[in-house]
file coords_4.cif (mmCIF, C-alpha atoms)
data_data
#
loop_
_atom_site.label_atom_id
_atom_site.label_comp_id
_atom_site.auth_asym_id
_atom_site.auth_seq_id
_atom_site.Cartn_x
_atom_site.Cartn_y
_atom_site.Cartn_z
CA MET A 108 0.00 0.00 0.00
CA LYS A 109 1.38 3.44 -0.94
CA ARG A 110 2.15 5.60 2.06
CA ALA A 111 1.42 9.33 2.04
CA GLY A 112 5.04 10.39 2.43
CA GLN A 113 5.15 13.59 0.37
CA LYS A 114 4.34 17.01 1.81
CA VAL A 115 1.86 19.04 -0.20
CA VAL A 116 2.82 22.71 -0.65
CA ALA A 117 -0.30 24.80 -0.18
CA GLY A 118 1.19 28.09 -1.41
CA THR A 119 3.37 30.99 -0.23
CA GLU A 120 2.84 32.57 3.13
CA ALA A 121 0.96 35.86 3.16
CA PRO A 122 3.01 38.93 4.19
CA GLY A 123 2.80 39.84 7.82
CA THR A 124 1.89 36.41 9.10
CA SER A 125 3.34 36.13 12.61
CA GLN A 126 4.78 33.11 14.43
CA THR A 127 2.05 33.58 17.04
CA SER A 128 -0.71 33.12 14.51
CA LYS A 129 1.06 30.01 13.21
CA LYS A 130 1.09 28.53 16.70
CA GLN A 131 -2.58 29.39 17.18
CA LYS A 132 -3.46 27.60 13.99
CA THR A 133 -1.49 24.49 14.79
CA SER A 134 -2.86 24.33 18.31
CA LEU A 135 -6.32 23.81 16.90
CA TYR A 136 -5.22 20.40 15.59
CA GLY A 137 -2.75 19.38 18.26
CA SER A 138 1.01 19.56 18.39
CA GLY A 139 1.50 16.15 16.77
CA PHE A 140 0.63 17.45 13.30
CA GLU A 141 2.40 20.79 13.28
CA GLU A 142 4.93 20.08 10.56
CA SER A 143 3.49 17.30 8.40
CA ASP A 144 0.49 15.73 6.69
CA PRO A 145 -1.60 13.77 9.25
CA CYS A 146 -1.28 10.62 7.13
CA THR A 147 2.52 10.72 7.52
CA SER A 148 2.31 10.19 11.27
CA MET A 149 -0.57 7.69 11.25
CA ASP A 150 0.34 4.18 12.34
CA TRP A 151 -1.61 2.02 9.88
CA GLY A 152 -0.63 -1.10 11.79
CA SER A 153 -2.50 0.08 14.88
CA LEU A 154 -5.92 0.21 13.22
CA PRO A 155 -8.47 -2.01 14.99
CA HIS A 156 -8.98 -5.47 13.50
CA HIS A 157 -12.60 -4.78 12.60
CA VAL A 158 -11.63 -1.68 10.60
CA ILE A 159 -8.95 -3.53 8.62
CA LEU A 160 -11.36 -6.41 8.09
CA ARG A 161 -13.96 -4.03 6.68
CA VAL A 162 -11.40 -2.55 4.28
CA PHE A 163 -10.29 -6.02 3.15
CA GLN A 164 -13.86 -6.97 2.34
CA PHE A 165 -13.93 -4.28 -0.36
CA LEU A 166 -10.64 -5.35 -1.96
CA THR A 167 -10.17 -7.80 -4.79
CA LEU A 168 -8.40 -11.01 -3.87
CA VAL A 169 -5.13 -9.86 -5.46
CA ASP A 170 -5.17 -6.50 -3.66
CA ARG A 171 -6.11 -8.18 -0.41
CA ALA A 172 -3.15 -10.54 -0.69
CA ARG A 173 -0.82 -7.60 -1.41
CA ALA A 174 -2.21 -5.61 1.51
CA SER A 175 -1.56 -8.56 3.83
CA SER A 176 2.20 -7.98 3.39
CA VAL A 177 2.07 -4.42 4.81
CA CYS A 178 2.62 -5.56 8.38
CA ARG A 179 2.06 -8.42 10.79
CA ARG A 180 -1.29 -7.06 11.99
CA TRP A 181 -2.68 -6.84 8.45
CA ASN A 182 -1.47 -10.35 7.76
CA GLU A 183 -3.32 -11.57 10.83
CA VAL A 184 -6.54 -9.97 9.56
CA PHE A 185 -5.95 -11.56 6.14
CA HIS A 186 -6.41 -14.95 7.79
CA ILE A 187 -9.47 -14.12 9.90
CA PRO A 188 -12.12 -16.81 9.11
CA ASP A 189 -14.79 -14.22 8.23
CA LEU A 190 -12.83 -13.28 5.11
CA TRP A 191 -12.94 -16.86 3.83
CA ARG A 192 -16.61 -17.76 4.29
CA ARG A 193 -17.29 -16.82 0.65
CA PHE A 194 -14.79 -17.57 -2.09
CA GLU A 195 -14.77 -17.96 -5.86
CA PHE A 196 -12.00 -19.99 -7.45
CA GLU A 197 -11.22 -18.76 -10.96
CA LEU A 198 -9.39 -21.36 -13.02
CA SER A 199 -8.21 -20.76 -16.55
CA GLN A 200 -5.53 -21.48 -19.09
CA PRO A 201 -3.81 -18.30 -20.38
CA ALA A 202 -4.21 -19.20 -24.04
CA THR A 203 -7.95 -19.94 -23.88
CA SER A 204 -9.55 -17.56 -21.41
CA TYR A 205 -10.15 -13.98 -20.37
CA LEU A 206 -10.45 -15.02 -16.71
CA LYS A 207 -7.74 -14.01 -14.26
CA SER A 208 -6.85 -17.28 -12.63
CA THR A 209 -6.52 -17.64 -8.86
CA HIS A 210 -2.81 -18.12 -8.12
CA PRO A 211 -1.87 -21.76 -7.32
CA ASP A 212 0.10 -20.72 -4.20
CA LEU A 213 -2.96 -18.91 -2.83
CA ILE A 214 -5.14 -21.94 -3.59
CA GLN A 215 -2.82 -24.16 -1.55
CA GLN A 216 -2.78 -21.63 1.28
CA ILE A 217 -6.59 -21.60 1.31
CA ILE A 218 -6.77 -25.39 1.34
CA LYS A 219 -4.19 -25.60 4.13
CA ARG A 220 -5.49 -22.82 6.39
CA HIS A 221 -9.10 -22.07 5.44
CA ALA A 222 -10.78 -25.20 4.09
CA ASP A 223 -12.84 -25.51 7.28
CA HIS A 224 -13.92 -21.83 7.00
CA LEU A 225 -15.30 -22.03 3.45
CA GLN A 226 -19.09 -21.92 3.33
CA TYR A 227 -20.16 -20.27 0.06
CA VAL A 228 -17.91 -21.59 -2.69
CA SER A 229 -18.01 -21.41 -6.47
CA PHE A 230 -15.64 -22.57 -9.19
CA LYS A 231 -15.56 -20.54 -12.38
CA VAL A 232 -13.68 -22.31 -15.17
CA ASP A 233 -12.95 -21.50 -18.80
CA SER A 234 -13.53 -23.79 -21.78
CA SER A 235 -10.43 -25.96 -21.19
CA THR A 236 -10.57 -29.46 -19.75
CA GLU A 237 -7.44 -28.69 -17.70
CA SER A 238 -9.28 -25.99 -15.74
CA ALA A 239 -12.23 -28.28 -15.00
CA GLU A 240 -9.86 -31.00 -13.84
CA ALA A 241 -8.05 -28.48 -11.63
CA ALA A 242 -11.40 -27.60 -10.02
CA CYS A 243 -12.01 -31.30 -9.31
CA ASP A 244 -8.54 -31.59 -7.78
CA ILE A 245 -9.32 -28.72 -5.39
CA LEU A 246 -12.68 -30.25 -4.45
CA SER A 247 -10.89 -33.51 -3.66
CA GLN A 248 -8.75 -31.73 -1.08
CA LEU A 249 -11.62 -30.11 0.86
CA VAL A 250 -11.75 -32.90 3.41
CA ASN A 251 -12.34 -30.55 6.37
CA CYS A 252 -14.93 -28.39 4.69
CA SER A 253 -18.33 -27.26 5.95
CA ILE A 254 -19.68 -25.87 2.68
CA LYS A 255 -23.28 -24.64 2.52
CA THR A 256 -23.40 -23.41 -1.09
CA LEU A 257 -21.53 -24.96 -4.02
CA GLY A 258 -21.55 -23.73 -7.62
CA LEU A 259 -19.68 -25.07 -10.66
CA ILE A 260 -19.74 -22.55 -13.49
CA SER A 261 -18.45 -22.96 -17.04
CA THR A 262 -17.98 -19.54 -18.61
CA ALA A 263 -17.98 -20.84 -22.20
CA LYS A 264 -18.57 -24.39 -23.38
CA PRO A 265 -19.32 -26.94 -20.61
CA SER A 266 -15.76 -28.02 -19.83
CA PHE A 267 -16.77 -30.18 -16.85
CA MET A 268 -18.37 -32.59 -19.32
CA ASN A 269 -14.87 -33.44 -20.59
CA VAL A 270 -13.73 -34.63 -17.16
CA SER A 271 -14.02 -38.37 -16.58
CA LYS A 272 -17.16 -39.30 -14.68
CA ALA A 273 -15.11 -41.20 -12.10
CA HIS A 274 -12.85 -38.20 -11.38
CA PHE A 275 -15.80 -35.82 -11.11
CA ALA A 276 -17.83 -38.15 -8.88
CA SER A 277 -14.85 -38.77 -6.60
CA ALA A 278 -14.28 -35.04 -6.14
CA LEU A 279 -17.95 -34.32 -5.40
CA THR A 280 -18.12 -37.21 -2.95
CA VAL A 281 -15.45 -35.58 -0.77
CA VAL A 282 -17.58 -32.44 -0.43
CA PHE A 283 -20.91 -34.27 -0.13
CA VAL A 284 -19.62 -36.55 2.64
CA ASN A 285 -17.69 -33.98 4.65
CA SER A 286 -19.93 -30.91 4.46
CA LYS A 287 -23.04 -32.35 6.14
CA SER A 288 -24.83 -28.99 5.74
CA LEU A 289 -25.15 -28.32 1.99
CA SER A 290 -28.21 -26.19 1.26
CA SER A 291 -27.65 -24.92 -2.30
CA ILE A 292 -25.98 -26.77 -5.19
CA LYS A 293 -25.70 -25.44 -8.76
CA ILE A 294 -23.95 -27.96 -10.98
CA ASP A 295 -25.37 -27.54 -14.49
CA ASP A 296 -23.57 -29.11 -17.47
CA THR A 297 -21.62 -31.66 -15.45
CA PRO A 298 -21.25 -35.49 -15.41
CA LEU A 299 -23.22 -35.74 -12.17
CA ASP A 300 -24.78 -39.20 -11.84
CA ASP A 301 -27.32 -41.06 -9.70
CA PRO A 302 -24.80 -42.62 -7.27
CA SER A 303 -23.45 -39.12 -6.53
CA LEU A 304 -26.98 -37.90 -5.78
CA LYS A 305 -27.45 -40.80 -3.36
CA VAL A 306 -24.28 -39.77 -1.52
CA LEU A 307 -25.54 -36.17 -1.45
CA VAL A 308 -28.89 -36.99 0.13
CA ALA A 309 -27.40 -39.55 2.52
CA ASN A 310 -25.29 -36.82 4.09
CA ASN A 311 -27.27 -33.60 3.53
CA SER A 312 -30.95 -34.56 3.40
CA ASP A 313 -31.91 -32.31 6.32
CA THR A 314 -30.34 -29.15 4.85
CA LEU A 315 -30.67 -29.29 1.04
CA LYS A 316 -33.01 -26.57 -0.27
CA LEU A 317 -31.85 -25.84 -3.85
CA LEU A 318 -30.63 -28.32 -6.45
CA LYS A 319 -29.91 -26.99 -9.94
CA MET A 320 -28.62 -29.60 -12.38
CA SER A 321 -29.83 -28.90 -15.90
CA SER A 322 -27.96 -30.67 -18.70
CA CYS A 323 -26.64 -33.51 -16.55
CA PRO A 324 -27.12 -36.47 -18.93
CA HIS A 325 -26.08 -39.14 -16.42
CA VAL A 326 -28.89 -38.28 -14.00
CA SER A 327 -32.08 -40.33 -14.40
CA PRO A 328 -35.62 -39.89 -13.01
CA ALA A 329 -34.66 -42.48 -10.37
CA GLY A 330 -31.93 -40.13 -9.11
CA ILE A 331 -34.40 -37.26 -8.80
CA LEU A 332 -36.86 -39.54 -7.00
CA CYS A 333 -34.13 -40.36 -4.51
CA VAL A 334 -33.79 -36.64 -3.77
CA ALA A 335 -37.57 -36.20 -3.51
CA ASP A 336 -37.85 -39.15 -1.14
CA GLN A 337 -35.34 -37.91 1.40
CA CYS A 338 -34.81 -34.13 1.06
CA HIS A 339 -38.10 -32.89 2.49
CA GLY A 340 -36.82 -29.32 2.83
CA LEU A 341 -36.09 -28.95 -0.91
CA LYS A 342 -37.61 -25.69 -2.23
CA GLU A 343 -36.03 -25.21 -5.66
CA LEU A 344 -35.30 -27.81 -8.32
CA ALA A 345 -33.94 -27.28 -11.84
CA LEU A 346 -33.65 -30.08 -14.38
CA ASN A 347 -34.02 -30.98 -18.04
CA TYR A 348 -37.36 -31.92 -19.53
CA TYR A 349 -36.13 -35.37 -20.55
CA ILE A 350 -35.96 -36.29 -16.83
CA LEU A 351 -39.45 -34.97 -16.12
CA SER A 352 -42.17 -37.62 -16.04
CA ASP A 353 -45.66 -38.22 -14.69
CA GLU A 354 -44.14 -40.54 -12.11
CA LEU A 355 -41.74 -37.86 -10.89
CA LEU A 356 -44.43 -35.18 -10.63
CA LEU A 357 -46.69 -37.54 -8.71
CA ALA A 358 -43.82 -38.42 -6.39
CA LEU A 359 -43.13 -34.72 -5.77
CA SER A 360 -46.85 -34.34 -5.02
CA SER A 361 -47.20 -36.98 -2.33
CA GLU A 362 -47.73 -35.86 1.25
CA LYS A 363 -44.39 -37.10 2.54
CA HIS A 364 -42.40 -35.28 -0.12
CA VAL A 365 -41.17 -31.76 -0.71
CA ASP A 366 -43.24 -28.59 -0.90
CA LEU A 367 -41.54 -26.98 -3.91
CA GLU A 368 -41.51 -23.21 -4.43
CA HIS A 369 -39.66 -23.19 -7.78
CA LEU A 370 -39.44 -25.87 -10.45
CA ARG A 371 -37.32 -24.90 -13.45
CA ILE A 372 -37.46 -27.05 -16.58
CA ASP A 373 -35.09 -26.58 -19.53
CA VAL A 374 -36.52 -27.92 -22.79
CA VAL A 375 -33.56 -28.20 -25.15
CA SER A 376 -33.28 -29.85 -28.54
CA GLU A 377 -30.14 -32.00 -28.41
CA ASN A 378 -30.61 -33.37 -31.96
CA PRO A 379 -32.74 -30.90 -33.94
CA GLY A 380 -35.60 -32.61 -35.73
CA GLN A 381 -34.75 -36.02 -34.27
CA VAL A 382 -36.23 -35.77 -30.77
CA GLN A 383 -39.83 -36.73 -30.07
CA PHE A 384 -40.69 -34.99 -26.81
CA HIS A 385 -43.03 -36.82 -24.47
CA THR A 386 -46.22 -35.30 -23.05
CA ILE A 387 -46.92 -34.78 -19.35
CA LYS A 388 -50.50 -35.53 -18.36
CA LYS A 389 -52.74 -32.80 -16.98
CA GLN A 390 -53.48 -34.95 -13.91
CA SER A 391 -49.80 -35.00 -12.99
CA TRP A 392 -49.47 -31.22 -13.24
CA ASP A 393 -52.69 -30.80 -11.22
CA ALA A 394 -51.36 -33.06 -8.49
CA LEU A 395 -48.20 -30.98 -8.14
CA VAL A 396 -50.12 -27.69 -7.90
CA LYS A 397 -52.56 -29.17 -5.41
CA HIS A 398 -49.66 -30.31 -3.24
CA SER A 399 -47.66 -27.06 -3.68
CA PRO A 400 -50.23 -24.38 -4.65
CA LYS A 401 -47.68 -21.53 -4.70
CA VAL A 402 -45.10 -23.31 -6.83
CA ASN A 403 -43.56 -21.33 -9.70
CA ILE A 404 -43.11 -23.57 -12.75
CA VAL A 405 -40.52 -22.00 -15.03
CA MET A 406 -39.89 -23.38 -18.52
CA TYR A 407 -37.08 -22.36 -20.88
CA PHE A 408 -37.55 -23.51 -24.49
CA PHE A 409 -34.72 -23.85 -27.01
CA LEU A 410 -36.55 -25.79 -29.74
CA TYR A 411 -37.31 -25.49 -33.42
CA GLU A 412 -40.87 -24.80 -34.50
CA ASP A 413 -41.61 -28.38 -35.56
CA GLU A 414 -40.63 -29.73 -32.12
CA PHE A 415 -43.36 -28.05 -30.02
CA ASP A 416 -46.10 -30.55 -30.77
CA ALA A 417 -46.07 -32.20 -27.31
CA PHE A 418 -46.55 -28.98 -25.33
CA PHE A 419 -49.59 -27.02 -24.08
CA ARG A 420 -52.25 -29.13 -25.76
CA GLU A 421 -53.89 -29.40 -22.34
CA GLU A 422 -54.00 -27.01 -19.41
CA THR A 423 -50.49 -26.61 -17.99
CA PRO A 424 -49.81 -24.70 -14.73
CA VAL A 425 -46.63 -23.00 -16.00
CA THR A 426 -45.99 -19.56 -14.51
CA HIS A 427 -42.91 -18.32 -16.41
CA LEU A 428 -42.22 -19.04 -20.09
CA TYR A 429 -39.10 -18.12 -22.06
CA PHE A 430 -38.71 -18.94 -25.75
CA GLY A 431 -35.11 -18.62 -26.90
CA ARG A 432 -35.92 -19.45 -30.52
CA ALA A 433 -38.78 -18.77 -32.90
CA VAL A 434 -42.21 -19.97 -31.76
CA SER A 435 -45.27 -20.19 -34.00
CA LYS A 436 -48.57 -18.29 -33.79
CA ALA A 437 -50.29 -21.60 -33.15
CA MET A 438 -48.10 -22.28 -30.09
CA LEU A 439 -48.78 -18.81 -28.67
CA GLY A 440 -52.48 -19.47 -29.24
CA ARG A 441 -52.22 -22.64 -27.15
CA ILE A 442 -50.50 -20.69 -24.38
CA GLY A 443 -53.41 -18.25 -24.29
CA MET A 444 -55.84 -21.16 -24.06
CA ASN A 445 -54.05 -23.48 -21.64
CA CYS A 446 -51.74 -21.49 -19.31
CA PRO A 447 -54.06 -19.71 -16.83
CA ARG A 448 -51.31 -19.36 -14.18
CA LEU A 449 -48.91 -17.54 -16.52
CA ILE A 450 -47.05 -14.64 -14.85
CA GLU A 451 -44.25 -13.88 -17.30
CA LEU A 452 -43.84 -14.48 -21.03
CA VAL A 453 -40.76 -13.74 -23.15
CA VAL A 454 -40.76 -14.46 -26.89
CA CYS A 455 -37.42 -13.79 -28.54
CA ALA A 456 -38.68 -14.43 -32.09
CA ASN A 457 -41.81 -15.33 -34.01
CA GLY A 458 -41.56 -14.31 -37.63
CA LEU A 459 -43.50 -11.88 -39.77
CA GLN A 460 -47.07 -12.73 -38.76
CA PRO A 461 -48.79 -10.17 -36.48
CA LEU A 462 -49.61 -11.59 -33.05
CA ASP A 463 -52.55 -9.31 -32.21
CA ASP A 464 -55.13 -12.06 -31.67
CA GLU A 465 -52.73 -14.23 -29.67
CA LEU A 466 -51.75 -11.41 -27.31
CA ILE A 467 -55.37 -10.39 -26.75
CA GLN A 468 -56.28 -13.99 -25.93
CA ILE A 469 -53.36 -14.16 -23.47
CA ALA A 470 -54.56 -10.93 -21.84
CA GLU A 471 -58.11 -12.35 -21.54
CA ARG A 472 -57.25 -15.73 -20.07
CA CYS A 473 -53.94 -15.22 -18.23
CA LYS A 474 -55.20 -13.04 -15.38
CA ASN A 475 -51.90 -13.27 -13.46
CA LEU A 476 -49.71 -11.96 -16.30
CA THR A 477 -47.46 -9.16 -15.02
CA ALA A 478 -44.43 -9.29 -17.35
CA MET A 479 -44.09 -9.48 -21.12
CA GLY A 480 -41.12 -9.32 -23.49
CA LEU A 481 -41.21 -9.47 -27.31
CA GLY A 482 -38.18 -9.56 -29.60
CA GLU A 483 -38.25 -10.33 -33.33
CA CYS A 484 -42.04 -10.40 -33.65
CA GLU A 485 -44.74 -8.20 -35.16
CA VAL A 486 -47.76 -6.59 -33.47
CA THR A 487 -49.88 -3.75 -34.80
CA CYS A 488 -50.03 -0.64 -32.66
CA ARG A 489 -53.80 -1.06 -32.36
CA GLY A 490 -53.49 -4.67 -31.23
CA PHE A 491 -50.73 -3.86 -28.77
CA ILE A 492 -52.72 -1.05 -27.16
CA GLU A 493 -55.73 -3.36 -26.83
CA PHE A 494 -53.50 -5.93 -25.10
CA VAL A 495 -52.14 -3.33 -22.68
CA LYS A 496 -55.62 -1.93 -22.01
CA MET A 497 -56.87 -5.40 -21.03
CA CYS A 498 -53.90 -6.07 -18.74
CA GLY A 499 -53.87 -2.60 -17.22
CA GLY A 500 -51.58 -1.59 -14.38
CA ARG A 501 -50.72 -5.20 -13.44
CA LEU A 502 -48.09 -5.20 -16.22
CA THR A 503 -45.11 -4.25 -14.07
CA GLN A 504 -42.59 -5.20 -16.79
CA LEU A 505 -43.18 -4.54 -20.47
CA SER A 506 -40.14 -4.88 -22.72
CA ILE A 507 -41.08 -4.50 -26.39
CA MET A 508 -38.62 -3.80 -29.18
CA GLU A 509 -39.51 -0.73 -31.22
CA GLU A 510 -39.19 -2.78 -34.43
CA VAL A 511 -41.96 -5.10 -33.20
CA LEU A 512 -44.66 -2.42 -33.42
CA ILE A 513 -46.36 -1.79 -36.77
CA PRO A 514 -47.96 1.66 -37.14
CA ASP A 515 -51.53 1.61 -38.45
CA SER A 516 -54.23 4.09 -39.42
CA ASP A 517 -55.20 4.67 -35.78
CA TYR A 518 -51.83 4.94 -34.02
CA SER A 519 -48.36 6.17 -34.85
CA LEU A 520 -45.37 5.24 -32.70
CA ASP A 521 -45.37 8.74 -31.20
CA ARG A 522 -48.98 8.45 -30.10
CA LEU A 523 -48.58 4.82 -29.03
CA HIS A 524 -46.23 5.49 -26.13
CA LEU A 525 -48.64 8.09 -24.70
CA GLU A 526 -51.60 5.72 -24.95
CA VAL A 527 -49.70 2.79 -23.43
CA SER A 528 -48.38 5.02 -20.63
CA LYS A 529 -51.95 6.06 -19.81
CA HIS A 530 -53.14 2.45 -19.39
CA LEU A 531 -50.04 1.37 -17.45
CA GLY A 532 -50.23 4.34 -15.09
CA ARG A 533 -46.58 5.22 -15.70
CA MET A 534 -44.34 6.57 -18.46
CA TRP A 535 -43.45 3.90 -21.03
CA PHE A 536 -41.40 3.81 -24.24
CA PRO A 537 -40.49 0.93 -26.58
CA ASP A 538 -37.03 -0.54 -26.07
CA MET A 539 -34.13 0.00 -28.43
CA MET A 540 -32.70 -3.39 -27.45
CA PRO A 541 -33.96 -6.36 -25.39
CA THR A 542 -33.76 -5.94 -21.63
CA TRP A 543 -34.66 -9.48 -20.54
#

call {"tool": "encode", "arguments": {"input": "coords_4.cif", "output": "structure tokens"}}
result
Amino acid sequence: MKRAGQKVVAGTEAPGTSQTSKKQKTSLYGSGFEESDPCTSMDWGSLPHHVILRVFQFLTLVDRARASSVCRRWNEVFHIPDLWRRFEFELSQPATSYLKSTHPDLIQQIIKRHADHLQYVSFKVDSSTESAEAACDILSQLVNCSIKTLGLISTAKPSFMNVSKAHFASALTVVFVNSKSLSSIKIDDTPLDDPSLKVLVANNSDTLKLLKMSSCPHVSPAGILCVADQCHGLKELALNYYILSDELLLALSSEKHVDLEHLRIDVVSENPGQVQFHTIKKQSWDALVKHSPKVNIVMYFFLYEDEFDAFFREETPVTHLYFGRAVSKAMLGRIGMNCPRLIELVVCANGLQPLDDELIQIAERCKNLTAMGLGECEVTCRGFIEFVKMCGGRLTQLSIMEEVLIPDSDYSLDRLHLEVSKHLGRMWFPDMMPTW
């Protein structure tokens, strides 16, 4: 840390200034600071521990490590357990990543001195297999850990999928067995498997509340059922649609099982045009909502238009819908007919067919709708205003690209924003770019 060692010259002394007046001025601040900047005489090493700790909490890891070499007292604060409750390991290969990797020496110091202090831990890795394997190696050494939150994040392509399943499972087992108090786990795009889930619930069934594991191809419905059977405090679950089944929904709906608050389902086309998606029965959805009436059912769709056939042909209690690719008018019509619990709808693309009728039907039947986003779609200004008028002030979020709106004989774009603002009860303008 740079010390304030240079004296700042304020200017020349005014004529006639006496020594007496100088003394009077300095006496106002005390004799200790008569000849120098206050910072020059300050003993930074004598600051209270809690003050240094507060400063350290605002520093990046690199700056914190540098500051720890200022003096013995600062080094002591550097190792206070409170500083190591939350930590993110950044692992990257210089040639493949923009990440600034956590220094290996610091990693070893953390493992040696602070493994038992870590509680909220994440691993952020680049697209290289070497970085994912390094993350597994660190996990394997956390034998004295008491982690509550664990996240494995791939910043580009899912590099954990290139790690051998045995190596990955072995590393996770160390954490699952030793932590005993895991409450939140986010391990999307990893080779997680059913045996690993059994180890997880055997050691953390009383504490687990969130399990996010989309795109984990080695997990089966049986593995999810194992979690549902034993983790009765589970509140949030995220998985791929291929795991979802009537049997699983009914299991989640039985009295002895969890009372979910959030169920996230990713519907992804692995082999475009070659996947026949199964249909979930209305009775299974109804059972889940009856068991957990406040559950939010969130669905993310990344399909092509000809792959939607299995969805929304019957009433579906989905609350949040996100379409990452083009979706047809017919599909949006089904949503208006069969999604009465819908709260939020985002359509990134539709094509060049105006969606007036579909939006009006959604406004009529989806009485809980409070958020809407439209990207590469088309809606006439008249139809859009009718939609907003029917929804009224309950639309707390309305993100519509300016290019979506087609002026007509009744409304120009200039008049449209005034009319929409009137019905929303607040000032509104179309977006220049998507905000969802």

call {"tool": "resolve_selection", "arguments": {"input": "coords_4.cif", "expression": "the PyMOL selection byres ((chain A and resi 478) around 10)", "output": "VMD selection string"}}
result
chain A and resid 427 449 to 453 475 to 477 479 to 480 501 to 506

call {"tool": "resolve_selection", "arguments": {"input": "coords_4.cif", "expression": "the PyMOL selection byres ((chain A and resi 416) around 10)", "output": "PyMOL selection string"}}
result
chain A and resi 383-386+412-415+417-420+438

call {"tool": "residues_around", "arguments": {"input": "coords_4.cif", "residues": "A:Ala172", "least_positions_apart": "5", "cutoff": "12 Å", "atoms": "all atoms listed in the file", "output": "list in words"}}
result
Met108, Phe163, Gln164, Leu166, Thr167, Val177, Cys178, Trp181, Asn182, Glu183, Val184, Phe185, His186, Leu190, Thr209, His210, Asp212, Leu213, Ile214, Gln216 and Ile217 of chain A

call {"tool": "closest_residue", "arguments": {"input": "coords_4.cif", "among": "A:Leu359, A:Cys455, A:Met444, A:Leu279", "to": "A:Ile467", "atoms": "only C-alpha atoms"}}
result
A:Met444

call {"tool": "atom_distance", "arguments": {"input": "coords_4.cif", "atom1": "atom CA of A:Ala241", "atom2": "atom CA of A:Cys333"}}
result
29.5 Å

call {"tool": "closest_residue", "arguments": {"input": "coords_4.cif", "among": "A:Thr314, A:Thr487, A:Ser290, A:Ser352", "to": "A:Ile387", "atoms": "all atoms listed in the file"}}
result
A:Ser352

call {"tool": "closest_residue", "arguments": {"input": "coords_4.cif", "among": "A:Glu422, A:Asp366, A:Glu465, A:Glu510", "to": "A:Leu395", "atoms": "only C-alpha atoms"}}
result
A:Asp366

call {"tool": "axis_aligned_box", "arguments": {"input": "coords_4.cif", "around": "stretch 507-522 of chain A", "padding_each_side": "4 Å", "output": "AutoDock Vina command-line options"}}
result
--center_x -46.9 --center_y 1.8 --center_z -32.9 --size_x 24.6 --size_y 21.8 --size_z 21.0

call {"tool": "atom_distance", "arguments": {"input": "coords_4.cif", "atom1": "atom CA of A:Gln337", "atom2": "atom CA of A:His398"}}
result
16.9 Å

call {"tool": "resolve_selection", "arguments": {"input": "coords_4.cif", "expression": "the PyMOL selection byres ((chain A and resi 326) around 6)", "output": "PyMOL selection string"}}
result
chain A and resi 300-301+323-325+327
